[in-house]
Structure formats: C-alpha cells, structure tokens
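For reference, model_10.txt (compact mmCIF, C-alpha atoms):
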# COMPACT_ATOMS: atom_id res chain seq x y z
CA MET A 23 16.91 18.43 -5.87
CA LYS A 24 15.44 18.56 -9.39
CA ARG A 25 11.75 17.67 -9.50
CA ALA A 26 10.79 14.43 -11.24
CA GLY A 27 8.45 14.60 -14.24
CA ASN A 28 6.98 12.50 -17.06
CA LEU A 29 6.22 9.58 -14.74
CA TYR A 30 2.47 9.16 -15.19
CA GLN A 31 2.72 7.55 -18.63
CA LYS A 32 5.20 5.02 -17.24
CA ILE A 33 2.72 4.11 -14.49
CA MET A 34 0.01 3.52 -17.11
CA GLU A 35 2.06 1.15 -19.28
CA LEU A 36 0.61 -2.36 -19.45
CA LYS A 37 3.98 -3.92 -18.70
CA ASN A 38 4.16 -1.93 -15.46
CA LEU A 39 0.56 -2.79 -14.51
CA GLU A 40 1.25 -6.48 -15.10
CA LEU A 41 4.34 -6.34 -12.89
CA ALA A 42 2.25 -4.57 -10.25
CA PHE A 43 -0.30 -7.39 -10.35
CA TRP A 44 2.34 -10.06 -9.73
CA LYS A 45 3.72 -8.09 -6.80
CA ALA A 46 0.28 -7.43 -5.32
CA GLN A 47 -0.78 -11.10 -5.47
CA LYS A 48 2.40 -12.41 -3.84
CA GLY A 49 1.45 -14.51 -0.83
CA LYS A 50 -2.28 -14.01 -1.52
CA ARG A 51 -2.93 -16.27 -4.48
CA GLY A 52 -5.58 -18.23 -2.60
CA LYS A 53 -7.70 -15.14 -1.87
CA LYS A 54 -10.97 -14.97 -3.80
CA ASP A 55 -10.52 -11.37 -5.02
CA VAL A 56 -7.07 -12.25 -6.37
CA GLN A 57 -8.42 -15.30 -8.19
CA VAL A 58 -11.27 -13.27 -9.72
CA PHE A 59 -8.85 -10.57 -10.93
CA ARG A 60 -6.41 -13.16 -12.34
CA ALA A 61 -9.19 -15.07 -14.16
CA ASP A 62 -9.62 -12.12 -16.57
CA LEU A 63 -6.23 -10.52 -16.04
CA GLN A 64 -5.74 -8.81 -19.40
CA ASN A 65 -9.15 -7.12 -19.39
CA ASN A 66 -8.79 -6.06 -15.76
CA LEU A 67 -5.41 -4.46 -16.49
CA LEU A 68 -6.85 -2.68 -19.54
CA MET A 69 -9.71 -1.37 -17.40
CA LEU A 70 -7.23 -0.15 -14.79
CA GLN A 71 -5.25 1.57 -17.54
CA SER A 72 -8.43 3.23 -18.78
CA ASP A 73 -9.27 4.39 -15.24
CA LEU A 74 -5.82 5.97 -14.96
CA GLN A 75 -6.47 7.89 -18.17
CA ASN A 76 -9.76 9.25 -16.81
CA GLY A 77 -8.88 9.53 -13.11
CA PRO A 78 -9.42 6.42 -10.94
CA SER A 79 -12.03 6.13 -8.20
CA LEU A 80 -10.23 5.44 -4.92
CA GLY A 81 -11.13 4.76 -1.31
CA ASN A 82 -12.73 1.30 -1.44
CA TYR A 83 -11.38 0.29 1.97
CA HIS A 84 -12.02 -2.54 4.39
CA TYR A 85 -11.39 -1.67 8.04
CA PHE A 86 -10.36 -3.94 10.90
CA THR A 87 -8.69 -3.44 14.28
CA ILE A 88 -5.57 -5.11 15.64
CA TYR A 89 -4.50 -4.99 19.29
CA ASP A 90 -0.90 -6.21 19.16
CA PRO A 91 1.36 -4.50 20.14
CA LYS A 92 -1.18 -1.68 20.51
CA GLU A 93 -4.65 -0.94 19.22
CA ARG A 94 -4.65 0.21 15.61
CA VAL A 95 -7.26 0.50 12.89
CA ILE A 96 -5.94 -1.09 9.69
CA CYS A 97 -7.32 0.17 6.42
CA ALA A 98 -7.02 -2.39 3.61
CA ALA A 99 -7.74 -1.38 0.01
CA ASN A 100 -9.41 -3.81 -2.36
CA PHE A 101 -7.16 -5.85 -4.62
CA ARG A 102 -7.61 -3.64 -7.68
CA GLU A 103 -6.40 -0.59 -5.75
CA ARG A 104 -3.48 -2.56 -4.32
CA VAL A 105 -2.38 -3.30 -7.89
CA LEU A 106 -2.56 0.44 -8.56
CA HIS A 107 -0.44 1.18 -5.47
CA HIS A 108 2.27 -1.19 -6.69
CA ALA A 109 2.11 0.33 -10.18
CA ILE A 110 2.73 3.78 -8.72
CA MET A 111 5.62 2.68 -6.56
CA ASN A 112 7.26 0.62 -9.32
CA VAL A 113 7.92 3.97 -10.99
CA CYS A 114 8.10 6.44 -8.08
CA GLU A 115 10.02 4.45 -5.45
CA PRO A 116 13.49 5.47 -6.74
CA TYR A 117 12.58 9.15 -6.39
CA PHE A 118 11.32 8.66 -2.82
CA GLU A 119 14.47 6.66 -2.06
CA LYS A 120 16.80 9.42 -3.26
CA PHE A 121 15.45 11.74 -0.59
CA GLN A 122 16.10 9.33 2.31
CA ILE A 123 19.16 9.62 4.54
CA TYR A 124 21.37 6.61 5.23
CA ASP A 125 20.08 6.07 8.78
CA SER A 126 16.37 5.77 7.93
CA TYR A 127 15.56 2.06 8.08
CA ALA A 128 11.82 1.38 7.72
CA CYS A 129 10.23 0.18 4.46
CA ARG A 130 13.40 0.45 2.38
CA LYS A 131 15.22 -2.15 0.31
CA GLY A 132 18.46 -3.25 1.93
CA LYS A 133 17.47 -1.71 5.28
CA GLY A 134 14.99 -3.06 7.83
CA MET A 135 15.17 -4.12 11.46
CA ASP A 136 18.47 -6.04 11.52
CA PRO A 137 20.65 -3.20 10.12
CA CYS A 138 18.80 -0.73 12.34
CA LEU A 139 19.53 -2.71 15.52
CA THR A 140 23.16 -3.17 14.48
CA ARG A 141 23.55 0.57 13.91
CA ALA A 142 21.92 1.34 17.27
CA GLN A 143 24.42 -0.92 19.04
CA GLN A 144 27.30 0.82 17.27
CA TYR A 145 26.07 4.17 18.54
CA CYS A 146 25.59 2.71 22.03
CA ARG A 147 29.27 1.81 22.09
CA LYS A 148 30.29 5.22 20.73
CA PHE A 149 28.15 7.62 22.79
CA ASN A 150 27.26 7.96 26.49
CA TRP A 151 23.72 9.38 26.19
CA TYR A 152 20.66 8.77 24.05
CA LEU A 153 17.32 10.51 23.47
CA LYS A 154 14.40 8.38 22.32
CA LEU A 155 11.48 10.13 20.60
CA ASP A 156 8.34 9.04 18.81
CA ILE A 157 5.38 10.86 17.29
CA HIS A 158 1.91 10.86 18.80
CA LYS A 159 -0.52 8.95 16.52
CA PHE A 160 1.72 9.58 13.54
CA PHE A 161 -0.30 8.12 10.63
CA ASP A 162 -3.56 9.57 11.99
CA THR A 163 -2.25 13.13 12.31
CA ILE A 164 -0.36 13.72 9.05
CA PRO A 165 -2.04 16.80 7.53
CA HIS A 166 -3.11 16.35 3.91
CA ASP A 167 -2.33 19.89 2.78
CA ARG A 168 1.22 19.86 4.14
CA LEU A 169 1.98 16.40 2.74
CA LEU A 170 0.78 17.43 -0.73
CA GLN A 171 2.84 20.64 -0.57
CA LEU A 172 5.98 18.61 0.14
CA LEU A 173 5.18 16.14 -2.63
CA GLU A 174 5.00 19.06 -5.07
CA ARG A 175 8.60 19.88 -4.18
CA ARG A 176 9.75 16.48 -5.46
CA PHE A 177 7.36 15.77 -8.36
CA LYS A 178 6.18 18.10 -11.13
CA ASP A 179 3.96 15.81 -13.24
CA PRO A 180 0.45 17.33 -12.77
CA HIS A 181 -1.35 14.05 -13.47
CA LEU A 182 0.78 12.24 -10.89
CA LEU A 183 0.22 14.99 -8.31
CA ASN A 184 -3.54 14.70 -8.90
CA LEU A 185 -3.27 10.97 -8.34
CA PHE A 186 -1.31 11.54 -5.11
CA SER A 187 -4.00 13.99 -4.02
CA SER A 188 -6.77 11.45 -4.71
CA LEU A 189 -4.91 8.81 -2.70
CA VAL A 190 -4.27 11.10 0.26
CA GLU A 191 -7.79 12.56 0.35
CA SER A 192 -9.49 9.14 0.03
CA TYR A 193 -9.03 8.67 3.79
CA GLU A 194 -9.12 10.83 6.91
CA VAL A 195 -9.26 10.25 10.66
CA GLN A 196 -10.15 13.85 11.40
CA GLN A 197 -10.79 16.66 8.96
CA ASN A 198 -8.00 16.72 6.33
CA CYS A 199 -5.69 14.60 8.50
CA GLY A 200 -4.50 11.02 8.41
CA ILE A 201 -3.29 8.43 5.92
CA PRO A 202 -4.34 4.77 6.08
CA ILE A 203 -2.17 2.25 7.89
CA GLY A 204 -1.97 -0.78 5.61
CA ASN A 205 -1.54 0.86 2.19
CA LEU A 206 1.75 0.52 0.34
CA THR A 207 1.61 4.17 -0.70
CA SER A 208 1.08 5.25 2.91
CA GLN A 209 4.41 3.71 3.93
CA PHE A 210 6.25 5.77 1.33
CA PHE A 211 4.30 8.97 2.05
CA ALA A 212 4.96 8.66 5.80
CA ASN A 213 8.66 7.91 5.33
CA PHE A 214 8.96 10.80 2.88
CA TYR A 215 7.17 13.20 5.25
CA LEU A 216 9.62 12.59 8.10
CA ALA A 217 12.64 12.69 5.77
CA TYR A 218 12.42 16.48 6.09
CA LEU A 219 13.05 16.10 9.82
CA ASP A 220 15.96 13.75 9.04
CA HIS A 221 17.64 16.34 6.82
CA GLU A 222 17.04 19.07 9.37
CA LEU A 223 18.73 17.09 12.13
CA LYS A 224 21.62 15.76 10.04
CA ASN A 225 22.39 18.76 7.84
CA VAL A 226 21.37 21.73 10.00
CA CYS A 227 21.74 20.51 13.60
CA ARG A 228 24.64 18.17 12.81
CA VAL A 229 23.42 15.50 15.26
CA PRO A 230 26.41 13.21 15.89
CA GLY A 231 24.31 10.03 16.02
CA TYR A 232 20.80 9.60 14.61
CA ILE A 233 18.56 6.65 13.68
CA ARG A 234 14.92 6.61 12.50
CA TYR A 235 12.61 3.64 12.03
CA MET A 236 9.37 5.18 10.69
CA ASP A 237 8.18 7.45 13.53
CA ASP A 238 10.52 6.07 16.23
CA PHE A 239 13.90 7.75 16.37
CA LEU A 240 17.03 7.86 18.50
CA LEU A 241 19.53 10.69 18.93
CA PHE A 242 22.97 10.03 20.45
CA SER A 243 25.57 12.29 22.02
CA ASP A 244 28.18 12.45 24.76
CA ASP A 245 26.59 15.67 26.02
CA LYS A 246 23.31 15.38 27.93
CA LYS A 247 22.61 19.11 27.60
CA GLU A 248 22.97 18.89 23.82
CA LEU A 249 20.25 16.22 23.67
CA GLN A 250 17.95 18.30 25.89
CA ASP A 251 18.35 21.23 23.52
CA LEU A 252 17.76 18.98 20.51
CA GLN A 253 14.53 17.73 22.06
CA LYS A 254 13.19 21.29 22.23
CA TYR A 255 14.31 21.92 18.66
CA VAL A 256 12.58 18.76 17.37
CA GLU A 257 9.36 19.63 19.21
CA SER A 258 9.35 23.09 17.65
CA TYR A 259 10.20 21.85 14.13
CA LEU A 260 7.50 19.17 14.19
CA LYS A 261 4.89 21.58 15.52
CA TYR A 262 5.46 24.46 13.11
CA SER A 263 6.84 22.78 10.00
CA LEU A 264 5.21 19.32 9.92
CA LYS A 265 2.24 19.92 12.29
CA LEU A 266 2.98 16.88 14.45
CA GLU A 267 3.40 16.29 18.19
CA LEU A 268 5.82 14.16 20.18
CA ASN A 269 5.03 11.61 22.85
CA PRO A 270 6.96 12.01 26.15
CA ALA A 271 10.69 11.61 25.53
CA ILE A 272 13.17 9.24 27.19
CA LEU A 273 16.67 10.53 27.99
CA ASN A 274 19.17 8.15 29.59
CA ARG A 275 22.67 6.71 29.50
CA THR A 276 23.33 4.16 26.75
CA CYS A 277 24.85 1.74 29.26
CA CYS A 278 21.41 1.41 30.89
CA GLY A 279 19.93 -0.03 27.68
CA ILE A 280 17.47 1.33 25.11
CA SER A 281 13.97 -0.07 24.58
CA PHE A 282 13.59 0.07 20.80
CA LEU A 283 11.70 -2.04 18.23
CA SER A 284 10.67 -4.61 20.91
CA TYR A 285 14.29 -5.18 21.98
CA ARG A 286 16.48 -3.92 24.79
CA ILE A 287 19.69 -2.62 23.20
CA TYR A 288 22.94 -2.58 25.17
CA PRO A 289 26.43 -1.67 23.88
CA HIS A 290 27.48 -5.32 23.59
CA GLU A 291 24.22 -7.23 23.90
CA LEU A 292 20.71 -7.38 22.51
CA ARG A 293 17.88 -8.64 24.71
CA LEU A 294 14.14 -8.99 24.40
CA SER A 295 11.98 -6.37 26.08
CA VAL A 296 9.54 -7.52 28.76
CA LYS A 297 6.54 -6.68 26.56
CA ALA A 298 8.07 -8.60 23.66
CA LYS A 299 8.46 -11.72 25.82
CA LYS A 300 4.82 -11.61 26.86
CA ARG A 301 3.74 -11.06 23.27
CA PHE A 302 5.90 -13.97 22.09
CA VAL A 303 4.32 -16.35 24.63
CA ARG A 304 0.84 -15.46 23.37
CA LYS A 305 1.76 -15.78 19.70
CA ILE A 306 3.71 -19.04 19.99
CA ALA A 307 0.72 -20.58 21.77
CA VAL A 308 -1.45 -19.65 18.79
CA ALA A 309 1.14 -21.06 16.36
CA ASN A 310 1.27 -24.33 18.30
CA ALA A 311 -2.51 -24.60 18.34
CA LEU A 312 -2.62 -24.09 14.57
CA GLU A 313 0.44 -26.32 14.05
CA SER A 314 1.58 -23.64 11.57
CA ALA A 315 5.20 -23.21 10.54
CA ASP A 316 4.22 -19.98 8.75
CA HIS A 317 3.26 -18.51 12.12
CA ALA A 318 6.12 -20.02 14.14
CA LEU A 319 9.17 -19.31 11.93
CA PRO A 320 8.96 -15.47 12.06
CA LEU A 321 8.57 -15.71 15.84
CA LEU A 322 11.69 -17.86 16.15
CA ALA A 323 13.61 -15.44 13.90
CA PHE A 324 12.53 -12.65 16.23
CA LEU A 325 14.02 -14.56 19.18
CA ASN A 326 17.25 -15.41 17.39
CA ARG A 327 18.20 -11.76 16.97
CA ALA A 328 18.60 -11.38 20.74
CA ASN A 329 20.50 -13.05 23.54
CA SER A 330 17.50 -15.13 24.54
CA TYR A 331 18.80 -18.65 25.18
CA GLY A 332 17.32 -18.90 28.70
CA PHE A 333 13.96 -17.58 27.54
CA ARG A 334 13.89 -19.92 24.51
CA LYS A 335 14.74 -22.87 26.72
CA SER A 336 12.00 -22.11 29.24
CA ILE A 337 9.33 -21.47 26.60
CA LEU A 338 10.16 -23.92 23.83
CA TYR A 339 11.52 -26.82 25.90
CA GLY A 340 10.19 -26.26 29.38
CA LYS A 341 6.57 -26.83 28.31
CA ARG A 342 6.85 -29.85 26.06
CA THR A 343 3.89 -31.55 27.73
CA ASN A 344 1.52 -29.00 26.20
CA GLY A 345 0.02 -29.03 22.75
CA SER A 346 -1.45 -31.50 20.30
CA ASN A 347 0.12 -34.68 18.96
CA ARG A 348 3.27 -34.45 16.88
CA VAL A 349 3.97 -36.44 13.73
CA ILE A 350 6.73 -39.09 13.85
CA ARG A 351 8.09 -40.74 10.73
CA GLY A 352 7.50 -44.47 10.73
CA GLY A 353 10.08 -47.15 11.32
CA SER A 354 12.15 -48.41 14.25
CA TRP A 355 13.97 -51.55 15.35
CA ASN A 356 10.86 -53.29 16.74
CA ASN A 357 8.30 -52.41 14.02
CA ASN A 358 7.11 -54.82 11.38
CA ALA A 359 7.92 -54.31 7.69
CA ASN A 360 4.74 -52.35 6.88
CA ASN A 361 5.39 -49.83 9.64
CA CYS A 362 8.96 -49.27 8.42
CA GLN A 363 7.85 -47.87 5.07
CA VAL A 364 8.90 -44.31 4.28
CA ALA A 365 5.28 -43.25 3.81
CA ASN A 366 4.20 -44.53 7.23
CA ARG A 367 3.46 -41.91 9.88
CA ASN A 368 2.71 -42.14 13.58
CA ASN A 369 1.93 -39.47 16.17
CA ASN A 370 2.45 -39.03 19.88
CA ASN A 371 1.69 -36.42 22.49
CA PRO A 372 4.67 -34.17 23.39
CA ASP A 373 4.97 -35.73 26.86
CA ASN A 374 5.24 -39.26 25.45
CA ARG A 375 8.65 -40.95 25.78
CA ASN A 376 9.71 -44.04 23.82
CA ASN A 377 12.98 -45.94 23.55
CA ASN A 378 12.28 -47.32 20.10
CA ASN A 379 12.41 -44.20 17.95
CA GLY A 380 15.49 -44.16 15.78
CA PHE A 381 16.66 -42.94 12.41
CA ARG A 382 16.67 -44.43 8.94
CA LEU A 383 19.79 -45.03 6.83
CA ALA A 384 19.62 -44.46 3.10
CA LEU A 385 22.04 -45.74 0.46
CA VAL A 386 22.84 -43.27 -2.32
CA PRO A 387 24.39 -44.69 -5.51
CA ALA A 388 27.91 -43.42 -6.17
CA GLN A 389 28.16 -40.84 -8.94
CA ARG A 390 30.33 -41.57 -11.95
CA LEU A 391 33.33 -39.29 -12.30
Could you quickly redo this structure as structure tokens?
Amino acid sequence: MKRAGNLYQKIMELKNLELAFWKAQKGKRGKKDVQVFRADLQNNLLMLQSDLQNGPSLGNYHYFTIYDPKERVICAANFRERVLHHAIMNVCEPYFEKFQIYDSYACRKGKGMDPCLTRAQQYCRKFNWYLKLDIHKFFDTIPHDRLLQLLERRFKDPHLLNLFSSLVESYEVQQNCGIPIGNLTSQFFANFYLAYLDHELKNVCRVPGYIRYMDDFLLFSDDKKELQDLQKYVESYLKYSLKLELNPAILNRTCCGISFLSYRIYPHELRLSVKAKKRFVRKIAVANALESADHALPLLAFLNRANSYGFRKSILYGKRTNGSNRVIRGGSWNNNANNCQVANRNNNNPDNRNNNNGFRLALVPAQRL
C-alpha cells in the first residue's frame, strides 16, 4: 500500500478544526470546559492551530476507574486535546479504514455490534467448531516502538508522524507500553495495530471464518485440529511480531453456543449471557432510581437484540411494585373540568391500581385537498 503524505496541513486548516470542535462537543454541551472553549471559539481554534505549527503539548489527562464489566482505568483528555484528536481523525480516518479487513467490526462506520453478531451467527450455521481468543490487557501492553514502526509503514508525513509519536508517548502503563483507554486516537491505533494480525490470518493462513471486535476474535472451521494449529500460530505471531500475549483460549462446537460481546450466540438464536443479565439488573435499577430515559433506552436496546422475552417480562413487569411514583396525564371520566386539562399531571406509585384512568380523544381538522 502506498504511504499517505501531505496530511498535516489539512489537519491544521481552520475549517477542519472547527468541524473537530463540533464533533468533540456533541453530547457534552452542558460541560463547563466545553462552554468555556465555545465562548471564545475562534481564538481557541487559532491557538490550537498555532500549537500545531509549533508542536502541541499533550498528556493533560484525567484518570478514573470503572468496574463494569471489569475494572479498567479510563484516561480522559481535556476538551482542547479531544478537539485535536477529532481534527486528526477527520483527515486520517480514511487511511486507517483502508487497511481494515471486512470482518473487523469495532469503532468503524457501518460496522459495530449488530453486524458483528449477525456475522457470527452466519458462521455458526456454516461451521462446526470455533476458537475464541482475546488479548491479555491489550491497551496496556501495546509497545510504543512497534506501534510507531507500523504507523511509519502507512504514513510518510514527518510532521504527522511526530504528532503520532507525541500522542503515543504521552501515556504509559509500564515503560514504553500502553495507550490510553478513552481517547479517540487510541481506538484507531489499537484497531490498526491488530489489523496486521487480521491480514496474516486471512491472507496467509486462509482462515475459513474469522471475526474481530477490537481485541476479541473468533476463528471458525469444520476441523478441530486446524483451529488448534491456528491457536499456536496466533500465539507465536502475537509474541514475536506484535509483542502481545493471549488469554486462555476457548475451543468448542458452535452448536454449544459462543459467549461473545455479552451475548450467547447459537446458530439460530441469540441469548443474553449470565453476566450480562446480572449487569442489566444492576443498571436498570440505577436508571429507574434516576428516572432517566437516557440511561434506560440503551439498556432496552441491548435486550432487544437477543431472545430475552422471559427475562424482560420478569425484570420489567414482574417488579412493578418497586420504584418511585410515575407521572400520569390528567383527565378521566370522573374528574372535574380543571383536572381534565391537557397540562394537568398526576402521579401514582407503580403498585397503585385505578379503574378511572382512560385516554383522551382529540379532533384534528380535515385538511383541504
């Protein structure tokens, strides 16, 4: 593949920096640092442009720990650096995308979890055996020197490579290893790093069925021995070429189901994993306590992907006596005129039962033809 060049000037353009700002502030307009940056937007973008000309100072991170689904340290850059990350990827994303294989699904436009699960089910119906692999502490163990070497194979702009180097070296878990979970650039670097494994398996090993979602991947075959040999090959390639290690592998028949991305995948059915059910119960309780649709809707979408009717019924309908009062629109057959107004609201506890709650009819004027 021909190396990409002359990209740094495009990153520095004010039009690109402005677009990066609007992307970075999406969903975060109420945050104080976003409001401060937006209050003097033009000057802040000019300052960012000037920093790019002289070499920006990077690594102003805020750290916090999450414990769901497992303990991870999240590294969040300040808002100014997040604008810079979007500016870089506005220009560089197409070149990272060109290097991806079809069956890589994480952090890519038009891909994601739904197509990945659909593809996994297709392979379950086609093949008798699967091998599930994932990388031990993937983000924390990516070696800086090797990542930068591989980036030099795809990009030739020296200023851009220096910027990549500054981004990579602004963070480390151990000496010269690790990229921060939480940065936009980290997602692309990590996906790009494992794309070399993708090409090795698809183009050299000719794996009949292969799927990767970031550092979780599945290999499919009708031959159990073939998958055992592939496991040894992957271990060797990761160790000597990418300097990574695998977690213990899982090799089984596809008819027994595959635990992948919090689901249990069968040839003709998708179920929730046991851990996912427990996690859902905890999270939906928090959403109910906050009375937040923003928290609840993604959880319900997660359920709707799977055959989960019985679980939904037991969780969402079997515990209706719990929780705070719910709003009811005013008006019923035995209310007075004031209580029947559209603006009137009432509320009752979930276990309350009334026989006087109804619905309101509205007359819409006929449209002229």
Around (-6.0, -1.9, -20.2) in the file's own coordinates, what residues are found within 12 Å if you use only C-alpha atoms, given back as a compact mmCIF listing (two decimals) with C-alpha atoms, in the frame of the given file?
# COMPACT_ATOMS: atom_id res chain seq x y z
CA MET A 34 0.01 3.52 -17.11
CA GLU A 35 2.06 1.15 -19.28
CA LEU A 36 0.61 -2.36 -19.45
CA LYS A 37 3.98 -3.92 -18.70
CA ASN A 38 4.16 -1.93 -15.46
CA LEU A 39 0.56 -2.79 -14.51
CA GLU A 40 1.25 -6.48 -15.10
CA ASP A 62 -9.62 -12.12 -16.57
CA LEU A 63 -6.23 -10.52 -16.04
CA GLN A 64 -5.74 -8.81 -19.40
CA ASN A 65 -9.15 -7.12 -19.39
CA ASN A 66 -8.79 -6.06 -15.76
CA LEU A 67 -5.41 -4.46 -16.49
CA LEU A 68 -6.85 -2.68 -19.54
CA MET A 69 -9.71 -1.37 -17.40
CA LEU A 70 -7.23 -0.15 -14.79
CA GLN A 71 -5.25 1.57 -17.54
CA SER A 72 -8.43 3.23 -18.78
CA ASP A 73 -9.27 4.39 -15.24
CA LEU A 74 -5.82 5.97 -14.96
CA GLN A 75 -6.47 7.89 -18.17
Q: List the neighbours of stretch 124-133 of chain A out to 8 Å using all atoms listed in the file; skip same-chain residues closer than 3 positions along the sequence, and give me the result as a PyMOL selection string.
A: chain A and resi 119+136-138+209-210+213+232-236
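Take the candidates A:Ala142, A:Val113, A:Ala323, A:Ala217 and check each one against A:Leu240 using all atoms listed in the file; the shortest distance goes to A:Ala142.
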Q) Using only C-alpha atoms, which residues sit within 8 Å of stretch 167-184 of chain A once same-chain residues fewer than 6 positions away are excluded, as a PyMOL selection string? A) chain A and resi 23-30+117+198+211+215+264
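With only C-alpha atoms as the basis for measurement, A:Asp220 is the residue among A:Ser188, A:Asp220, A:Arg141, A:Asn274 that approaches A:Phe121 most closely.
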Q: Pick out the residues sitting within 7 Å of A:His158, and hand them over as a list in words; count all atoms listed in the file, and ignore anything fewer than 6 positions along from it in its own chain.
A: Glu267, Leu268 and Asn269 of chain A
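Distances to A:Pro165 were evaluated for A:Gln47, A:Ser281, A:Gln196, A:Ser79 using all atoms listed in the file, and the minimum falls at A:Gln196.
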Q.
What's around A:Phe161 at 7 Å? Count all atoms listed in the file, leave out sequence neighbours fewer than 2 positions away in its own chain, and write the answer as a list in words.
A. Lys159, Thr163, Ile164, Gly200, Ile201, Pro202 and Ile203 of chain A
Q) Any idea what the distance is between atom CA of A:Lys54 and atom CA of A:Phe101? A) 9.9 Å
Q. Quick one: distance from atom CA of A:Phe43 to atom CA of A:Ala98 in Å, one decimal?
A. 16.3 Å
Q.
When you count all atoms listed in the file, which of these residues is closest to A:Gly81: A:Phe160, A:Tyr259, A:Tyr218, A:Tyr193?
A. A:Tyr193
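Closest approach to A:Leu241 from the set A:Ser187, A:Thr276, A:Ser295, A:Ser258 is made by A:Thr276, with distances taken over all atoms listed in the file.
Restricting the calculation to only C-alpha atoms, the smallest distance between A:Met111 and any of A:Phe186, A:Tyr288, A:Tyr331, A:Phe242 is found for A:Phe186.
The interatomic distance for the pair atom CA of A:Ser336 and atom CA of A:Leu319 works out to 17.8 Å.
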Q: Please identify all polymer residues lying at most 12 Å from the point (-8.2, -2.1, 14.7) (file coordinates), using all atoms listed in the file, and present the result as a ChimeraX atom specification.
A: /A:84-98,202-204
How about saving the chosen residues, C-alpha atoms kept, as a CSV table (one decimal), in the coordinates of the input?
chain,number,residue,atom,x,y,z
A,84,HIS,CA,-12.0,-2.5,4.4
A,85,TYR,CA,-11.4,-1.7,8.0
A,86,PHE,CA,-10.4,-3.9,10.9
A,87,THR,CA,-8.7,-3.4,14.3
A,88,ILE,CA,-5.6,-5.1,15.6
A,89,TYR,CA,-4.5,-5.0,19.3
A,90,ASP,CA,-0.9,-6.2,19.2
A,91,PRO,CA,1.4,-4.5,20.1
A,92,LYS,CA,-1.2,-1.7,20.5
A,93,GLU,CA,-4.6,-0.9,19.2
A,94,ARG,CA,-4.6,0.2,15.6
A,95,VAL,CA,-7.3,0.5,12.9
A,96,ILE,CA,-5.9,-1.1,9.7
A,97,CYS,CA,-7.3,0.2,6.4
A,98,ALA,CA,-7.0,-2.4,3.6
A,202,PRO,CA,-4.3,4.8,6.1
A,203,ILE,CA,-2.2,2.2,7.9
A,204,GLY,CA,-2.0,-0.8,5.6
